[in-house]
Amino acid sequence: TDFTFEYDRLNRLIKKNGGLSRLPNSAGFSYAFTKDIHTNLTYENNKVTVEDFSSIPTKKRYITLNSLQKIESIEIPHLNRRMEFKYSDNKLTEILTLFIKSPFNDNSLIVSFVEKFYYDSNDNLSRTEYYNNEPNNNSTNKIVRIFKDYDNSTNPTKSLYLLEEYFYRSISKNNYRKYEKTEYYGEYNFRTSEKTWFFEYDSKGNIILDKLQQL
């Protein structure tokens, strides 16, 4: 069940081999590893095209990088979605997500959401809050993600930040081993899910990357 990664001569990620395929409910669990899925990354100046070969047609994401090679924006045409990234002191602080309700109407309503990022004293991501950002929206609904139980090992996923499934994990200095996601509707906790990891480490105390399962 190992994932493998390929890089170009500039040490840029160009391919991820292997993926998780959704299974029917009758299987008793949601996903299974398969070698039939892969992701290609193509670079042109500060633009990156990420193409997932897990379905037909393939799904593409168009990423623009800033001068520091951090993500500036992401366009996801098949979801009618655009994401804009903001930084402070070289840390990601906010992602603004714009959903276009109708791609065929230039005057279509755009619904916007924002995700705020918060860090602990060790430069590790501690939590995010995702909520509706429209000026006249009075909703208090939100999604809170908590990242905790960090180890002291170097984060091996820093180079994988262009892959959606590794994005949250790639942000921190170290590696979280517990993740919680809570959905709030008003003041009420509607749904909470969590996941725990038990990493495999080499003799130097570093995580074995191809054993690291996706978030």
# chains A, B, ... in the order shown; residues from 1 in each chain; ligands from 1
call {"tool": "residues_around", "arguments": {"residues": "Leu65 (chain A)", "least_positions_apart": "3", "cutoff": "9 Å", "atoms": "only C-alpha atoms", "output": "PDB file with C-alpha atoms, in the first residue's frame"}}
result
ATOM      1  CA  ASN A  45       6.715  29.501 -15.354  1.00  0.00           C
ATOM      2  CA  ASN A  46       4.678  30.196 -12.190  1.00  0.00           C
ATOM      3  CA  LYS A  47       1.733  28.042 -13.313  1.00  0.00           C
ATOM      4  CA  VAL A  48       1.156  24.438 -12.307  1.00  0.00           C
ATOM      5  CA  LEU A  68       8.310  32.522  -2.981  1.00  0.00           C
ATOM      6  CA  GLN A  69       6.846  29.447  -4.711  1.00  0.00           C
ATOM      7  CA  LYS A  70       3.862  29.444  -2.391  1.00  0.00           C
ATOM      8  CA  ILE A  71       0.322  29.005  -3.690  1.00  0.00           C
ATOM      9  CA  GLU A  72      -1.250  32.304  -4.741  1.00  0.00           C
ATOM     10  CA  SER A  73      -4.460  30.960  -6.257  1.00  0.00           C
TER      11      SER A  73
END
call {"tool": "residues_around", "arguments": {"residues": "Lys142 (chain A)", "least_positions_apart": "6", "cutoff": "7 Å", "atoms": "only C-alpha atoms", "output": "ChimeraX atom specification"}}
result
/A:129-131,183-185
call {"tool": "residues_around", "arguments": {"residues": "Lys173 (chain A)", "least_positions_apart": "5", "cutoff": "8 Å", "atoms": "only C-alpha atoms", "output": "PyMOL selection string"}}
result
chain A and resi 122-124+154-155
call {"tool": "write_last_selection", "arguments": {"atoms": "C-alpha atoms", "output": "PDB file, in the first residue's frame"}}
result
ATOM      1  CA  ASN A 122       6.314  25.779  17.330  1.00  0.00           C
ATOM      2  CA  ASP A 123       5.046  27.008  13.946  1.00  0.00           C
ATOM      3  CA  ASN A 124       2.676  24.065  13.688  1.00  0.00           C
ATOM      4  CA  THR A 154      10.931  16.862  10.422  1.00  0.00           C
ATOM      5  CA  ASN A 155       7.859  17.157   8.200  1.00  0.00           C
TER       6      ASN A 155
END
call {"tool": "select_by_dssp", "arguments": {"residues": "region 39-132 of chain A", "states": "strand (DSSP E or B)", "output": "JSON, numbers by chain"}}
result
{"A": [39, 40, 41, 42, 43, 44, 47, 48, 49, 50, 51, 52, 53, 59, 60, 61, 62, 63, 64, 65, 71, 72, 73, 74, 75, 76, 81, 82, 83, 84, 85, 86, 87, 88, 91, 92, 93, 94, 95, 96, 97, 98, 99, 100, 110, 111, 112, 113, 114, 115, 116, 117, 118, 119, 125, 126, 127, 128, 129, 130, 131, 132]}
call {"tool": "closest_residue", "arguments": {"among": "A:Tyr161, A:Tyr43, A:Lys15, A:Ser153", "to": "Lys204 (chain A)", "atoms": "only C-alpha atoms"}}
result
A:Ser153
call {"tool": "residues_around", "arguments": {"residues": "region 112-117 of chain A", "least_positions_apart": "6", "cutoff": "6 Å", "atoms": "only C-alpha atoms", "output": "MDAnalysis selection string"}}
result
chainID A and resid 93:98 128:134
call {"tool": "closest_residue", "arguments": {"among": "A:Thr157, A:Asn189, A:Asn80, A:Thr140", "to": "Leu13 (chain A)", "atoms": "only C-alpha atoms"}}
result
A:Thr157
call {"tool": "residues_around", "arguments": {"residues": "Lys16 (chain A)", "least_positions_apart": "5", "cutoff": "8 Å", "atoms": "only C-alpha atoms", "output": "PDB file with all heavy atoms, in the first residue's frame"}}
result
ATOM      1  N   PHE A   3       2.670   4.621  -1.533  1.00  0.00           N
ATOM      2  CA  PHE A   3       2.642   5.664  -2.536  1.00  0.00           C
ATOM      3  C   PHE A   3       4.085   5.963  -2.927  1.00  0.00           C
ATOM      4  O   PHE A   3       4.989   5.888  -2.097  1.00  0.00           O
ATOM      5  CB  PHE A   3       2.002   6.938  -1.988  1.00  0.00           C
ATOM      6  CG  PHE A   3       0.594   6.759  -1.502  1.00  0.00           C
ATOM      7  CD1 PHE A   3       0.322   6.598  -0.155  1.00  0.00           C
ATOM      8  CD2 PHE A   3      -0.464   6.754  -2.396  1.00  0.00           C
ATOM      9  CE1 PHE A   3      -0.976   6.435   0.303  1.00  0.00           C
ATOM     10  CE2 PHE A   3      -1.768   6.594  -1.959  1.00  0.00           C
ATOM     11  CZ  PHE A   3      -2.019   6.432  -0.603  1.00  0.00           C
ATOM     12  N   THR A   4       4.315   6.327  -4.188  1.00  0.00           N
ATOM     13  CA  THR A   4       5.647   6.752  -4.609  1.00  0.00           C
ATOM     14  C   THR A   4       5.535   8.097  -5.294  1.00  0.00           C
ATOM     15  O   THR A   4       4.483   8.460  -5.848  1.00  0.00           O
ATOM     16  CB  THR A   4       6.305   5.732  -5.557  1.00  0.00           C
ATOM     17  OG1 THR A   4       5.480   5.571  -6.735  1.00  0.00           O
ATOM     18  CG2 THR A   4       6.463   4.380  -4.869  1.00  0.00           C
ATOM     19  N   PHE A   5       6.644   8.861  -5.259  1.00  0.00           N
ATOM     20  CA  PHE A   5       6.650  10.217  -5.786  1.00  0.00           C
ATOM     21  C   PHE A   5       7.832  10.388  -6.723  1.00  0.00           C
ATOM     22  O   PHE A   5       8.922   9.864  -6.469  1.00  0.00           O
ATOM     23  CB  PHE A   5       6.731  11.230  -4.642  1.00  0.00           C
ATOM     24  CG  PHE A   5       5.619  11.079  -3.638  1.00  0.00           C
ATOM     25  CD1 PHE A   5       5.777  10.276  -2.515  1.00  0.00           C
ATOM     26  CD2 PHE A   5       4.402  11.723  -3.825  1.00  0.00           C
ATOM     27  CE1 PHE A   5       4.752  10.126  -1.593  1.00  0.00           C
ATOM     28  CE2 PHE A   5       3.372  11.585  -2.914  1.00  0.00           C
ATOM     29  CZ  PHE A   5       3.539  10.779  -1.800  1.00  0.00           C
ATOM     30  N   GLU A   6       7.623  11.153  -7.805  1.00  0.00           N
ATOM     31  CA  GLU A   6       8.683  11.410  -8.772  1.00  0.00           C
ATOM     32  C   GLU A   6       8.931  12.915  -8.852  1.00  0.00           C
ATOM     33  O   GLU A   6       7.991  13.720  -8.752  1.00  0.00           O
ATOM     34  CB  GLU A   6       8.289  10.865 -10.151  1.00  0.00           C
ATOM     35  CG  GLU A   6       8.066   9.355 -10.170  1.00  0.00           C
ATOM     36  CD  GLU A   6       7.616   8.845 -11.531  1.00  0.00           C
ATOM     37  OE1 GLU A   6       7.858   9.561 -12.539  1.00  0.00           O
ATOM     38  OE2 GLU A   6       7.023   7.747 -11.591  1.00  0.00           O
ATOM     39  N   HIS A  38      -3.059   7.803 -10.492  1.00  0.00           N
ATOM     40  CA  HIS A  38      -1.858   8.626 -10.363  1.00  0.00           C
ATOM     41  C   HIS A  38      -2.197  10.079 -10.629  1.00  0.00           C
ATOM     42  O   HIS A  38      -3.248  10.402 -11.189  1.00  0.00           O
ATOM     43  CB  HIS A  38      -0.733   8.146 -11.292  1.00  0.00           C
ATOM     44  CG  HIS A  38      -1.032   8.318 -12.756  1.00  0.00           C
ATOM     45  ND1 HIS A  38      -1.758   7.405 -13.483  1.00  0.00           N
ATOM     46  CD2 HIS A  38      -0.703   9.310 -13.619  1.00  0.00           C
ATOM     47  CE1 HIS A  38      -1.853   7.810 -14.740  1.00  0.00           C
ATOM     48  NE2 HIS A  38      -1.231   8.967 -14.849  1.00  0.00           N
ATOM     49  N   THR A  39      -1.311  10.968 -10.199  1.00  0.00           N
ATOM     50  CA  THR A  39      -1.485  12.411 -10.367  1.00  0.00           C
ATOM     51  C   THR A  39      -0.249  12.984 -11.042  1.00  0.00           C
ATOM     52  O   THR A  39       0.875  12.718 -10.594  1.00  0.00           O
ATOM     53  CB  THR A  39      -1.701  13.102  -9.010  1.00  0.00           C
ATOM     54  OG1 THR A  39      -2.865  12.559  -8.376  1.00  0.00           O
ATOM     55  CG2 THR A  39      -1.878  14.596  -9.184  1.00  0.00           C
ATOM     56  N   ASN A  40      -0.440  13.763 -12.098  1.00  0.00           N
ATOM     57  CA  ASN A  40       0.668  14.419 -12.801  1.00  0.00           C
ATOM     58  C   ASN A  40       0.661  15.911 -12.517  1.00  0.00           C
ATOM     59  O   ASN A  40      -0.409  16.530 -12.427  1.00  0.00           O
ATOM     60  CB  ASN A  40       0.554  14.210 -14.311  1.00  0.00           C
ATOM     61  CG  ASN A  40       0.919  12.797 -14.730  1.00  0.00           C
ATOM     62  OD1 ASN A  40       1.369  11.997 -13.915  1.00  0.00           O
ATOM     63  ND2 ASN A  40       0.715  12.482 -15.999  1.00  0.00           N
TER      64      ASN A  40
END
call {"tool": "atom_distance", "arguments": {"atom1": "CA of Arg127 (chain A)", "atom2": "CA of Leu92 (chain A)"}}
result
12.1 Å
call {"tool": "atom_distance", "arguments": {"atom1": "CA of Phe99 (chain A)", "atom2": "CA of Leu162 (chain A)"}}
result
20.4 Å
call {"tool": "residues_around", "arguments": {"residues": "Asp120 (chain A)", "least_positions_apart": "5", "cutoff": "12 Å", "atoms": "only C-alpha atoms", "output": "number ranges by chain"}}
result
A: 91, 125-128, 146-150, 172-174
